[in-house]
file my_file_27.cif (mmCIF, C-alpha atoms)
data_final
#
loop_
_atom_site.label_atom_id
_atom_site.label_comp_id
_atom_site.auth_asym_id
_atom_site.auth_seq_id
_atom_site.Cartn_x
_atom_site.Cartn_y
_atom_site.Cartn_z
CA MET E 347 -37.55 14.66 -24.90
CA ASP E 348 -36.01 14.23 -28.32
CA ILE E 349 -32.70 12.58 -28.79
CA ASN E 350 -30.19 15.24 -29.71
CA LEU E 351 -26.59 16.36 -29.40
CA THR E 352 -26.83 16.39 -25.61
CA LEU E 353 -26.38 12.63 -25.76
CA ILE E 354 -22.92 12.95 -27.26
CA GLY E 355 -22.04 15.75 -24.91
CA GLN E 356 -23.06 13.65 -21.95
CA SER E 357 -21.03 10.68 -23.21
CA ILE E 358 -17.98 12.89 -23.53
CA ALA E 359 -18.55 14.33 -20.06
CA MET E 360 -18.82 10.83 -18.66
CA VAL E 361 -15.61 9.68 -20.34
CA VAL E 362 -13.80 12.71 -18.93
CA PHE E 363 -15.11 12.20 -15.40
CA VAL E 364 -14.41 8.49 -15.42
CA TRP E 365 -10.91 9.14 -16.73
CA PHE E 366 -10.33 11.73 -14.02
CA CYS E 367 -11.61 9.38 -11.35
CA MET E 368 -9.48 6.53 -12.65
CA LYS E 369 -6.39 8.70 -12.78
CA PHE E 370 -6.56 10.98 -9.77
CA ILE E 371 -9.21 9.78 -7.33
CA TRP E 372 -9.37 6.02 -7.16
CA PRO E 373 -5.68 5.03 -6.86
CA PRO E 374 -4.69 7.35 -3.96
CA ILE E 375 -7.80 6.57 -1.92
CA LEU E 376 -7.51 2.85 -2.45
CA HIS E 377 -3.80 3.02 -1.79
CA ALA E 378 -4.46 4.75 1.53
CA LEU E 379 -7.09 2.15 2.39
CA GLU E 380 -4.85 -0.77 1.60
CA GLU E 381 -1.92 0.75 3.41
CA ARG E 382 -4.09 1.32 6.46
CA GLN E 383 -5.30 -2.27 6.32
CA GLN E 384 -1.72 -3.42 6.21
CA GLN E 385 -0.76 -1.16 9.08
CA ILE E 386 -3.62 -2.45 11.19
CA GLU E 387 -2.63 -5.99 10.40
CA GLU E 388 0.99 -5.30 11.32
CA GLY E 389 -0.09 -3.48 14.45
CA LEU E 390 -2.18 -6.42 15.59
CA ALA E 391 0.65 -8.82 14.88
CA ALA E 392 3.05 -6.61 16.81
CA ALA E 393 0.61 -6.44 19.69
CA ASP E 394 0.39 -10.23 19.76
CA LYS E 395 4.15 -10.48 19.67
CA SER E 396 4.63 -7.99 22.47
CA GLN E 397 2.03 -9.84 24.50
CA GLU E 398 4.05 -13.00 24.09
CA LYS E 399 7.21 -11.14 24.99
CA LEU E 400 5.53 -9.71 28.03
CA VAL E 401 4.60 -13.18 29.23
CA GLU E 402 8.15 -14.31 28.59
CA ALA E 403 9.61 -11.36 30.46
CA GLN E 404 7.20 -11.92 33.32
CA ALA E 405 8.37 -15.52 33.62
CA LYS E 406 11.97 -14.42 33.52
CA ALA E 407 11.37 -11.78 36.14
CA ASP E 408 9.64 -14.31 38.37
CA GLU E 409 12.61 -16.61 37.97
CA ILE E 410 15.05 -13.87 38.89
CA VAL E 411 13.00 -12.86 41.90
CA ALA E 412 12.81 -16.47 43.07
CA GLU E 413 16.54 -16.86 42.71
CA ALA E 414 17.17 -13.61 44.55
CA ARG E 415 14.88 -14.72 47.32
CA HIS E 416 16.72 -18.00 47.51
CA GLN E 417 20.06 -16.23 47.69
CA ALA E 418 18.75 -13.85 50.32
CA THR E 419 17.62 -16.76 52.44
CA GLY E 420 21.09 -18.28 52.09
CA ILE E 421 22.78 -15.03 53.07
CA LEU E 422 20.46 -14.65 56.04
CA ASP E 423 21.24 -18.18 57.20
CA GLN E 424 24.94 -17.53 56.85
CA ALA E 425 24.61 -14.32 58.78
CA HIS E 426 22.72 -16.07 61.55
CA ALA E 427 25.33 -18.77 61.72
CA ARG E 428 28.11 -16.20 61.80
CA ALA E 429 26.35 -14.26 64.51
CA ASN E 430 25.92 -17.36 66.60
CA GLU E 431 29.54 -18.14 66.04
CA ILE E 432 30.59 -14.68 67.12
CA VAL E 433 28.44 -14.88 70.23
CA ALA E 434 29.86 -18.27 71.04
CA GLU E 435 33.37 -16.99 70.48
CA GLY E 436 32.62 -14.03 72.74
CA LYS E 437 31.30 -16.31 75.42
CA ASP E 438 34.31 -18.52 75.12
CA SER E 439 36.79 -15.70 75.37
CA GLY E 440 34.80 -14.26 78.27
CA VAL E 441 35.05 -17.50 80.12
CA LYS E 442 38.77 -17.70 79.43
CA GLU E 443 39.33 -14.15 80.54
CA ARG E 444 37.43 -14.75 83.69
CA GLU E 445 39.43 -17.84 84.39
CA ARG E 446 42.62 -16.01 83.65
CA GLN E 447 41.70 -13.17 85.98
CA LEU E 448 40.53 -15.64 88.57
CA ALA E 449 43.84 -17.44 88.38
CA ALA E 450 45.73 -14.17 88.60
CA ALA E 451 43.67 -13.14 91.60
CA LYS E 452 44.25 -16.49 93.22
CA ALA E 453 47.95 -16.23 92.61
CA GLU E 454 48.05 -12.75 94.02
CA ILE E 455 46.04 -13.86 97.03
CA GLU E 456 48.42 -16.71 97.54
CA GLN E 457 51.38 -14.44 97.20
CA GLU E 458 49.87 -12.04 99.67
CA THR E 459 49.08 -14.91 102.01
CA ASN E 460 52.64 -16.20 101.80
CA LYS E 461 53.95 -12.76 102.38
CA ALA E 462 51.68 -12.30 105.37
CA ARG E 463 52.58 -15.70 106.63
CA GLU E 464 56.28 -14.92 106.29
CA GLU E 465 55.80 -11.68 108.14
CA LEU E 466 53.68 -13.33 110.71
CA ARG E 467 56.26 -16.04 111.11
CA GLY E 468 58.93 -13.42 111.57
CA GLN E 469 56.83 -11.59 114.09
CA VAL E 470 55.86 -14.79 115.93
CA SER E 471 59.48 -15.90 116.04
CA ALA E 472 60.42 -12.44 117.24
CA ILE E 473 57.71 -12.56 119.86
CA ALA E 474 58.71 -16.10 120.81
CA LEU E 475 62.29 -15.05 120.89
CA ALA E 476 61.46 -12.09 123.02
CA SER E 477 59.33 -14.13 125.33
CA ALA E 478 61.89 -16.86 125.39
CA GLU E 479 64.58 -14.28 126.05
CA LYS E 480 62.55 -12.95 128.92
CA ILE E 481 62.10 -16.48 130.21
CA LEU E 482 65.67 -17.44 129.68
CA LYS E 483 66.98 -14.22 131.12
CA ARG E 484 65.44 -15.44 134.17
CA GLU E 485 66.65 -18.93 133.90
CA ILE E 486 69.45 -19.46 131.44
CA ASP E 487 71.56 -17.71 128.95
CA GLY E 488 69.59 -17.00 125.93
CA LYS E 489 72.49 -17.54 123.62
CA THR E 490 72.65 -21.25 124.20
CA HIS E 491 69.07 -21.75 123.28
CA ASP E 492 69.10 -19.41 120.27
CA ASP E 493 69.55 -22.15 117.72
CA ILE E 494 66.76 -24.17 119.27
CA LEU E 495 64.49 -21.17 119.10
CA GLY E 496 65.57 -20.45 115.54
CA LYS E 497 64.69 -23.99 114.60
CA LEU E 498 61.33 -23.55 116.28
CA ALA E 499 60.62 -20.35 114.47
CA GLN E 500 61.48 -22.10 111.24
CA GLU E 501 59.06 -24.86 111.96
CA ILE E 502 56.11 -22.58 112.62
CA MET K 72 -47.39 28.38 -6.79
CA ALA K 73 -49.32 27.87 -9.99
CA ALA K 74 -50.21 31.53 -10.20
CA GLU K 75 -46.97 33.47 -10.22
CA GLY K 76 -48.06 36.79 -11.62
CA GLY K 77 -46.88 37.85 -15.01
CA HIS K 78 -43.79 35.68 -15.05
CA GLY K 79 -45.20 32.21 -14.42
CA PRO K 80 -47.30 30.06 -16.69
CA GLN K 81 -51.03 30.43 -16.32
CA THR K 82 -52.69 27.02 -16.39
CA SER K 83 -51.70 23.76 -14.78
CA GLY K 84 -50.88 22.31 -18.16
CA ASP K 85 -48.66 25.25 -18.97
CA TYR K 86 -46.99 24.99 -15.59
CA ILE K 87 -46.15 21.32 -16.09
CA THR K 88 -44.95 21.77 -19.66
CA HIS K 89 -42.85 24.71 -18.56
CA HIS K 90 -41.15 22.68 -15.86
CA LEU K 91 -40.49 19.79 -18.20
CA GLN K 92 -39.01 21.94 -20.94
CA ASN K 93 -35.24 21.96 -21.32
CA LEU K 94 -33.30 25.09 -22.02
CA GLN K 95 -32.18 24.35 -25.55
CA VAL K 96 -29.90 25.83 -28.11
CA CYS K 97 -29.85 24.50 -31.66
CA LYS K 98 -28.44 25.14 -35.06
CA VAL K 99 -30.90 26.33 -37.65
CA GLY K 100 -29.11 26.94 -40.88
CA ASP K 101 -25.93 28.75 -39.88
CA GLU K 102 -27.29 30.26 -36.73
CA TRP K 103 -27.60 29.02 -33.17
CA VAL K 104 -31.04 29.80 -31.84
CA TRP K 105 -32.56 29.38 -28.38
CA ASN K 106 -35.63 27.33 -27.53
CA GLU K 107 -37.08 26.79 -31.01
CA CYS K 108 -35.66 23.38 -31.48
CA ALA K 109 -38.54 20.89 -31.65
CA GLY K 110 -37.51 17.96 -33.81
CA ASN K 111 -34.03 19.35 -34.48
CA MET K 112 -31.23 16.84 -33.93
CA MET K 113 -28.55 19.53 -33.71
CA THR K 114 -29.76 20.62 -30.32
CA ILE K 115 -27.98 20.87 -27.02
CA ASN K 116 -29.94 20.82 -23.79
CA VAL K 117 -27.92 23.49 -22.09
CA ASP K 118 -29.43 22.99 -18.63
CA SER K 119 -28.85 19.21 -18.64
CA MET K 120 -25.29 19.63 -19.79
CA PHE K 121 -24.61 22.41 -17.32
CA TRP K 122 -26.03 20.63 -14.30
CA SER K 123 -24.54 17.25 -15.10
CA ALA K 124 -21.12 18.77 -15.73
CA PHE K 125 -21.46 20.91 -12.62
CA LEU K 126 -22.35 17.92 -10.45
CA GLY K 127 -19.64 15.82 -12.08
CA LEU K 128 -17.15 18.54 -11.24
CA ILE K 129 -18.40 18.64 -7.66
CA PHE K 130 -17.83 14.90 -7.46
CA CYS K 131 -14.37 15.15 -8.99
CA PHE K 132 -13.33 18.10 -6.90
CA THR K 133 -14.49 16.84 -3.51
CA PHE K 134 -13.16 13.34 -4.04
CA TRP K 135 -9.96 14.63 -5.56
CA ARG K 136 -9.34 16.81 -2.53
CA VAL K 137 -9.69 13.77 -0.30
CA ALA K 138 -7.51 11.67 -2.59
CA ARG K 139 -4.79 14.31 -2.69
CA ALA K 140 -4.63 14.72 1.08
CA SER K 141 -5.58 11.18 2.00
CA SER K 142 -3.90 10.19 5.21
CA VAL K 143 -3.21 6.63 6.22
CA GLY K 144 -2.92 7.17 9.93
CA LYS K 145 -5.33 9.96 10.72
CA PRO K 146 -8.20 10.27 8.26
CA THR K 147 -10.51 13.24 8.52
CA LYS K 148 -14.24 12.67 8.89
CA TRP K 149 -14.82 13.66 5.29
CA GLN K 150 -12.12 11.25 4.19
CA ALA K 151 -13.74 8.52 6.23
CA PHE K 152 -17.04 9.25 4.50
CA VAL K 153 -15.45 9.13 1.06
CA GLU K 154 -13.67 5.92 1.99
CA ILE K 155 -16.95 4.32 3.00
CA ILE K 156 -18.30 4.98 -0.50
CA VAL K 157 -15.08 3.83 -2.14
CA GLU K 158 -15.00 0.63 -0.11
CA PHE K 159 -18.66 -0.01 -0.84
CA VAL K 160 -18.08 0.33 -4.58
CA ASP K 161 -14.88 -1.68 -4.37
CA ALA K 162 -16.66 -4.49 -2.55
CA SER K 163 -19.49 -4.50 -5.10
CA VAL K 164 -17.01 -4.67 -7.96
CA LYS K 165 -14.92 -7.42 -6.39
CA GLU K 166 -18.03 -9.43 -5.70
CA THR K 167 -19.23 -9.28 -9.29
CA PHE K 168 -16.26 -8.76 -11.54
CA GLN K 169 -13.83 -11.65 -11.42
CA GLY K 170 -11.09 -10.35 -13.67
CA LYS K 171 -8.62 -7.62 -12.96
CA SER K 172 -9.34 -4.19 -14.30
CA ASN K 173 -8.18 -0.71 -13.39
CA LEU K 174 -11.19 0.82 -15.06
CA ILE K 175 -14.24 -0.92 -13.66
CA ALA K 176 -14.01 0.17 -10.05
CA PRO K 177 -13.41 3.89 -10.77
CA LEU K 178 -16.10 3.66 -13.43
CA GLY K 179 -18.50 2.26 -10.87
CA LEU K 180 -17.58 4.94 -8.35
CA THR K 181 -18.03 7.73 -10.87
CA ILE K 182 -21.37 6.38 -12.04
CA PHE K 183 -22.65 5.83 -8.52
CA VAL K 184 -21.75 9.20 -7.10
CA TRP K 185 -22.47 11.19 -10.22
CA VAL K 186 -25.87 9.62 -10.88
CA PHE K 187 -26.68 9.95 -7.19
CA LEU K 188 -25.89 13.67 -7.25
CA MET K 189 -27.87 14.19 -10.44
CA ASN K 190 -30.83 12.33 -8.99
CA LEU K 191 -30.51 14.28 -5.78
CA MET K 192 -31.33 17.49 -7.61
CA ASP K 193 -34.85 16.10 -7.69
CA LEU K 194 -35.19 16.97 -4.01
CA VAL K 195 -34.67 20.67 -4.59
CA PRO K 196 -38.18 22.15 -4.55
CA VAL K 197 -39.31 22.37 -8.15
CA ASP K 198 -39.82 26.12 -8.26
CA TRP K 199 -36.70 27.35 -6.53
CA ILE K 200 -34.25 27.19 -9.37
CA PRO K 201 -36.37 27.08 -12.55
CA VAL K 202 -38.72 29.88 -11.49
CA VAL K 203 -37.09 31.92 -8.74
CA VAL K 204 -33.45 31.85 -9.74
CA ALA K 205 -33.56 31.27 -13.48
CA ASP K 206 -36.71 33.05 -14.50
CA TRP K 207 -36.98 35.89 -12.01
CA MET K 208 -33.37 36.65 -11.25
CA LEU K 209 -31.54 35.72 -14.42
CA GLY K 210 -34.30 35.92 -17.00
CA ILE K 211 -33.72 32.42 -18.30
CA PRO K 212 -37.07 31.01 -19.49
CA TYR K 213 -36.46 27.29 -18.91
CA MET K 214 -34.31 25.39 -16.46
CA LYS K 215 -34.58 21.69 -15.76
CA ILE K 216 -32.22 21.00 -12.91
CA VAL K 217 -32.42 17.21 -12.75
CA PRO K 218 -30.18 15.95 -15.56
CA THR K 219 -31.34 12.36 -15.18
CA THR K 220 -34.86 13.35 -16.17
CA ASP K 221 -33.43 14.09 -19.60
CA VAL K 222 -33.33 10.93 -21.69
CA ASN K 223 -30.29 12.26 -23.54
CA VAL K 224 -28.28 12.24 -20.36
CA THR K 225 -29.12 8.71 -19.32
CA PHE K 226 -28.73 7.49 -22.86
CA GLY K 227 -25.41 9.22 -23.20
CA MET K 228 -24.12 7.35 -20.19
CA SER K 229 -25.53 4.00 -21.18
CA ILE K 230 -24.03 4.33 -24.65
CA ALA K 231 -20.63 4.92 -23.10
CA VAL K 232 -21.21 1.75 -21.09
CA PHE K 233 -22.30 -0.05 -24.26
CA VAL K 234 -19.08 0.91 -26.02
CA LEU K 235 -17.19 -0.41 -23.00
CA ILE K 236 -19.11 -3.69 -23.24
CA LEU K 237 -17.97 -4.09 -26.85
CA VAL K 238 -14.39 -3.16 -25.95
CA TYR K 239 -14.28 -5.61 -23.07
CA THR K 240 -15.70 -8.41 -25.18
CA HIS K 241 -13.02 -7.74 -27.74
CA LEU K 242 -10.22 -7.51 -25.18
CA ALA K 243 -11.23 -10.61 -23.26
CA LYS K 244 -12.09 -12.97 -26.09
CA GLY K 245 -10.32 -11.79 -29.20
CA PRO K 246 -11.36 -10.03 -32.40
CA PHE K 247 -14.18 -12.34 -33.53
CA ALA K 248 -15.58 -12.98 -30.12
CA LEU K 249 -18.47 -10.59 -30.53
CA VAL K 250 -19.57 -12.21 -33.78
CA LYS K 251 -19.22 -15.65 -32.23
CA ASP K 252 -21.10 -14.56 -29.14
CA LEU K 253 -23.90 -13.24 -31.29
CA MET K 254 -24.19 -16.20 -33.68
CA LEU K 255 -23.37 -19.33 -31.71
CA HIS K 256 -25.85 -18.84 -28.88
CA PRO K 257 -28.33 -19.81 -27.61
CA ILE K 258 -28.85 -22.62 -30.20
CA GLU K 259 -25.51 -24.17 -31.03
CA PRO K 260 -24.94 -24.73 -34.77
CA SER K 261 -22.90 -27.68 -36.01
CA PHE K 262 -19.97 -27.52 -38.45
CA LYS K 263 -19.35 -31.23 -38.84
CA SER K 264 -20.27 -31.58 -42.50
CA THR K 265 -21.24 -29.42 -45.46
CA GLY K 266 -24.89 -30.25 -44.95
CA ALA K 267 -24.69 -29.33 -41.31
CA ILE K 268 -23.07 -26.00 -42.17
CA ILE K 269 -25.85 -25.20 -44.63
CA ALA K 270 -28.40 -26.16 -42.03
CA SER K 271 -26.61 -23.97 -39.52
CA VAL K 272 -27.10 -20.79 -41.51
CA PRO K 273 -30.73 -20.17 -40.51
CA ILE K 274 -29.88 -21.18 -36.95
CA MET K 275 -27.12 -18.62 -36.83
CA ALA K 276 -29.38 -15.99 -38.35
CA PHE K 277 -31.94 -16.73 -35.69
CA ASN K 278 -29.26 -16.54 -33.00
CA LEU K 279 -28.03 -13.28 -34.42
CA ILE K 280 -31.44 -11.65 -34.28
CA LEU K 281 -32.02 -12.89 -30.74
CA GLU K 282 -28.61 -11.90 -29.43
CA VAL K 283 -28.50 -8.50 -31.12
CA VAL K 284 -31.81 -7.67 -29.48
CA ALA K 285 -30.44 -8.85 -26.15
CA LEU K 286 -27.27 -6.84 -26.63
CA VAL K 287 -29.02 -3.64 -27.69
CA ALA K 288 -31.57 -4.03 -24.93
CA LYS K 289 -28.80 -3.63 -22.37
CA PRO K 290 -28.01 0.06 -22.87
CA ILE K 291 -31.64 0.90 -23.65
CA SER K 292 -32.98 -0.73 -20.52
CA LEU K 293 -30.14 0.75 -18.49
CA SER K 294 -30.91 4.28 -19.57
CA LEU K 295 -34.69 4.04 -19.69
CA ARG K 296 -34.88 2.56 -16.22
CA LEU K 297 -33.07 5.51 -14.72
CA PHE K 298 -34.83 8.03 -16.91
CA GLY K 299 -38.28 6.58 -16.23
CA ASN K 300 -37.84 6.55 -12.49
CA MET K 301 -36.48 10.04 -12.26
CA PHE K 302 -38.88 11.52 -14.76
CA ALA K 303 -41.87 10.03 -12.99
CA GLY K 304 -40.55 11.26 -9.64
CA GLU K 305 -40.01 14.74 -11.01
CA LEU K 306 -43.47 14.78 -12.58
CA ILE K 307 -45.05 13.87 -9.28
CA PHE K 308 -43.11 16.63 -7.54
CA ILE K 309 -44.46 19.07 -10.13
CA LEU K 310 -48.02 17.78 -9.68
CA ILE K 311 -47.68 18.10 -5.91
CA ALA K 312 -46.40 21.65 -6.38
CA LEU K 313 -49.71 22.48 -8.07
CA LEU K 314 -51.70 21.76 -4.93
CA GLY K 315 -51.09 25.02 -3.11
CA LEU K 316 -50.67 24.74 0.64
CA TRP K 317 -51.35 21.01 0.70
CA GLN K 318 -48.12 20.44 -1.14
CA LEU K 319 -46.09 20.85 2.04
CA PRO K 320 -46.85 17.53 3.79
CA LEU K 321 -47.21 15.71 0.49
CA HIS K 322 -43.97 17.08 -0.82
CA PHE K 323 -42.23 15.99 2.33
CA GLY K 324 -43.68 12.47 2.14
CA TRP K 325 -42.79 12.03 -1.49
CA ALA K 326 -39.31 13.47 -0.94
CA VAL K 327 -38.63 10.97 1.82
CA PHE K 328 -39.74 8.17 -0.44
CA HIS K 329 -37.78 9.63 -3.30
CA VAL K 330 -34.52 9.56 -1.34
CA LEU K 331 -34.81 5.80 -1.58
CA ILE K 332 -35.35 5.90 -5.34
CA VAL K 333 -32.51 8.36 -5.82
CA THR K 334 -30.03 6.09 -4.05
CA LEU K 335 -31.42 2.88 -5.42
CA GLN K 336 -31.36 4.01 -9.04
CA ALA K 337 -27.78 5.24 -8.72
CA PHE K 338 -26.82 1.89 -7.21
CA ILE K 339 -28.69 -0.09 -9.88
CA PHE K 340 -27.05 1.84 -12.68
CA MET K 341 -23.62 1.16 -11.20
CA MET K 342 -24.33 -2.47 -10.43
CA LEU K 343 -25.75 -3.27 -13.87
CA THR K 344 -22.78 -1.58 -15.52
CA ILE K 345 -20.46 -3.81 -13.54
CA VAL K 346 -22.53 -6.90 -14.30
CA TYR K 347 -22.65 -6.18 -18.04
CA LEU K 348 -18.91 -5.61 -18.17
CA SER K 349 -18.23 -8.71 -16.16
CA LEU K 350 -20.44 -10.75 -18.49
CA ALA K 351 -18.62 -9.25 -21.46
CA SER K 352 -15.22 -10.24 -20.18
CA GLU K 353 -16.27 -13.67 -19.01
CA LYS K 354 -14.86 -16.59 -20.99
CA HIS K 355 -17.27 -19.35 -21.85
#

call {"tool": "encode", "arguments": {"input": "my_file_27.cif", "output": "structure tokens"}}
result
Amino acid sequence: MDINLTLIGQSIAMVVFVWFCMKFIWPPILHALEERQQQIEEGLAAADKSQEKLVEAQAKADEIVAEARHQATGILDQAHARANEIVAEGKDSGVKERERQLAAAKAEIEQETNKAREELRGQVSAIALASAEKILKREIDGKTHDDILGKLAQEI
Amino acid sequence: MAAEGGHGPQTSGDYITHHLQNLQVCKVGDEWVWNECAGNMMTINVDSMFWSAFLGLIFCFTFWRVARASSVGKPTKWQAFVEIIVEFVDASVKETFQGKSNLIAPLGLTIFVWVFLMNLMDLVPVDWIPVVVADWMLGIPYMKIVPTTDVNVTFGMSIAVFVLILVYTHLAKGPFALVKDLMLHPIEPSFKSTGAIIASVPIMAFNLILEVVALVAKPISLSLRLFGNMFAGELIFILIALLGLWQLPLHFGWAVFHVLIVTLQAFIFMMLTIVYLSLASEKH
């Protein structure tokens, strides 16, 4: 337990170890620690920022969706209106067509009627003429009464 | 364990003395001789030096490996462990030492881990290395494996700290600061007139005596505290080892308690070193 040279040896050993620690151990470890602290700090800040951005983007997206919905409603309304219009137009043209065909049919009917009437008139006058001829053959010369009969046939 | 055949010591007294004897080499005349060194100042306790250097190298190597490969993003478990210690020391230093110094924190780390490792050797069962390995296997007669139970080791460290105290006083407060610190406190002398200066001389002498004692007490108390604790712990381990079978539960109990002392003493040594250096560099 005497004090001896070991004391000096131990002091030297301590100086060497402390020097080694100061030079090669402490700075890299502390550097890594500080850098990690900084990284964590930056990471947290970035997370906060991205959170904010997310909220912003969400709001923007909501806005866009709302606008799109609005536009869609507008387009739908327009389409409805157009469809109604087309239907109305169709109806209209249908009515016109029907009227046109009706008119054509009427005209044709009339034409046919006139034609039939003309024919009928001819036939009636022929029949009347014939009957009159038969009558007149008995009574008088048919030729003198021809113009009267013609006038009659005309009047029918 | 007390009776170990022809190799071991015979009586309890012999056993204890054997375990407390350092392996020494000393210079007698021109020759280096082994283990006949009582009272010789030119002695080296080979076992203390070997184990303290060995443990210091373990500290340096393991921590250096971590430092070299230290990763910011993905620390290994061992790195995380080392970082816990480093952060603990760093926090202690920042709490106590106000100035900026590149030395104090690494100094604290070295002291803490190194002293802890040296103290930890106390938990190795007392016969394993001194008797089984050293005596039986290698034929070395003495082997004290706990360096901090050697007063030379603790004193060697505290003297290095003492030198640092002087250096820091000088660096922080200028060349005459130490003299001023020693002479102008705690009773303040007056230099207003010639008479006052003459009257101040005994005051300053008194201050000097008081402050030199206080200054010298720092390294002595620092080293003796550690030495006393570890030596007493080691002695109790040796006494327990004398009990035969009963040593097993007792040894366990004392070892558990000793873990506390081992850590605490390492921490106290580090903390007081930081406090002394911070006091030294503090401006009044």

call {"tool": "residues_around", "arguments": {"input": "my_file_27.cif", "residues": "Ile115 (chain K)", "least_positions_apart": "2", "cutoff": "8 Å", "atoms": "all atoms listed in the file", "output": "compact mmCIF listing (two decimals) with C-alpha atoms, in the frame of the given file"}}
result
# COMPACT_ATOMS: atom_id res chain seq x y z
CA ASN E 350 -30.19 15.24 -29.71
CA LEU E 351 -26.59 16.36 -29.40
CA THR E 352 -26.83 16.39 -25.61
CA GLN K 95 -32.18 24.35 -25.55
CA VAL K 96 -29.90 25.83 -28.11
CA CYS K 97 -29.85 24.50 -31.66
CA MET K 113 -28.55 19.53 -33.71
CA VAL K 117 -27.92 23.49 -22.09
CA MET K 120 -25.29 19.63 -19.79

call {"tool": "residues_around", "arguments": {"input": "my_file_27.cif", "residues": "Val333 (chain K)", "least_positions_apart": "3", "cutoff": "12 Å", "atoms": "only C-alpha atoms", "output": "number ranges by chain"}}
result
K: 183-194, 217, 219-220, 297-298, 300-305, 325-330, 336-340

call {"tool": "closest_residue", "arguments": {"input": "my_file_27.cif", "among": "K:Ala205, K:Leu249, K:Met228, K:Ala151", "to": "chain E", "atoms": "all atoms listed in the file"}}
result
K:Met228

call {"tool": "resolve_selection", "arguments": {"input": "my_file_27.cif", "expression": "the PyMOL selection byres ((chain E) within 10 of (chain K))", "output": "count of residues only"}}
result
39

call {"tool": "atom_distance", "arguments": {"input": "my_file_27.cif", "atom1": "CA of Gln447 (chain E)", "atom2": "CA of Arg467 (chain E)"}}
result
29.2 Å

call {"tool": "resolve_selection", "arguments": {"input": "my_file_27.cif", "expression": "the PyMOL selection byres ((chain K and resi 243) around 12)", "output": "ChimeraX atom specification"}}
result
/K:170-172,235-242,244-249,348-355

call {"tool": "atom_distance", "arguments": {"input": "my_file_27.cif", "atom1": "CA of Ile216 (chain K)", "atom2": "CA of Thr344 (chain K)"}}
result
24.6 Å

call {"tool": "atom_distance", "arguments": {"input": "my_file_27.cif", "atom1": "CA of Asp492 (chain E)", "atom2": "CA of Ser471 (chain E)"}}
result
11.1 Å

call {"tool": "resolve_selection", "arguments": {"input": "my_file_27.cif", "expression": "the PyMOL selection byres ((chain K and resi 287) around 12)", "output": "MDAnalysis selection string"}}
result
chainID K and resid 229:230 232:234 236:237 253 279:286 288:294 347

call {"tool": "residues_around", "arguments": {"input": "my_file_27.cif", "residues": "Ser271 (chain K)", "least_positions_apart": "4", "cutoff": "9 Å", "atoms": "all atoms listed in the file", "output": "VMD selection string"}}
result
chain K and resid 259 to 262 266 to 267 275 to 276

call {"tool": "write_last_selection", "arguments": {"input": "my_file_27.cif", "atoms": "C-alpha atoms", "output": "mmCIF file, in the coordinates of the input"}}
result
data_model
loop_
_atom_site.group_PDB
_atom_site.id
_atom_site.type_symbol
_atom_site.label_atom_id
_atom_site.label_comp_id
_atom_site.auth_asym_id
_atom_site.auth_seq_id
_atom_site.Cartn_x
_atom_site.Cartn_y
_atom_site.Cartn_z
ATOM 1 C CA GLU K 259 -25.510 -24.170 -31.030
ATOM 2 C CA PRO K 260 -24.940 -24.730 -34.770
ATOM 3 C CA SER K 261 -22.900 -27.680 -36.010
ATOM 4 C CA PHE K 262 -19.970 -27.520 -38.450
ATOM 5 C CA GLY K 266 -24.890 -30.250 -44.950
ATOM 6 C CA ALA K 267 -24.690 -29.330 -41.310
ATOM 7 C CA MET K 275 -27.120 -18.620 -36.830
ATOM 8 C CA ALA K 276 -29.380 -15.990 -38.350
#

call {"tool": "axis_aligned_box", "arguments": {"input": "my_file_27.cif", "around": "region 436-442 of chain E", "padding_each_side": "3 Å", "output": "JSON"}}
result
{"center_x": 35.0, "center_y": -16.3, "center_z": 76.4, "size_x": 13.5, "size_y": 10.5, "size_z": 13.4}

call {"tool": "closest_residue", "arguments": {"input": "my_file_27.cif", "among": "E:Glu458, E:Asp394, E:Asp423, E:Glu464", "to": "Gln500 (chain E)", "atoms": "all atoms listed in the file"}}
result
E:Glu464
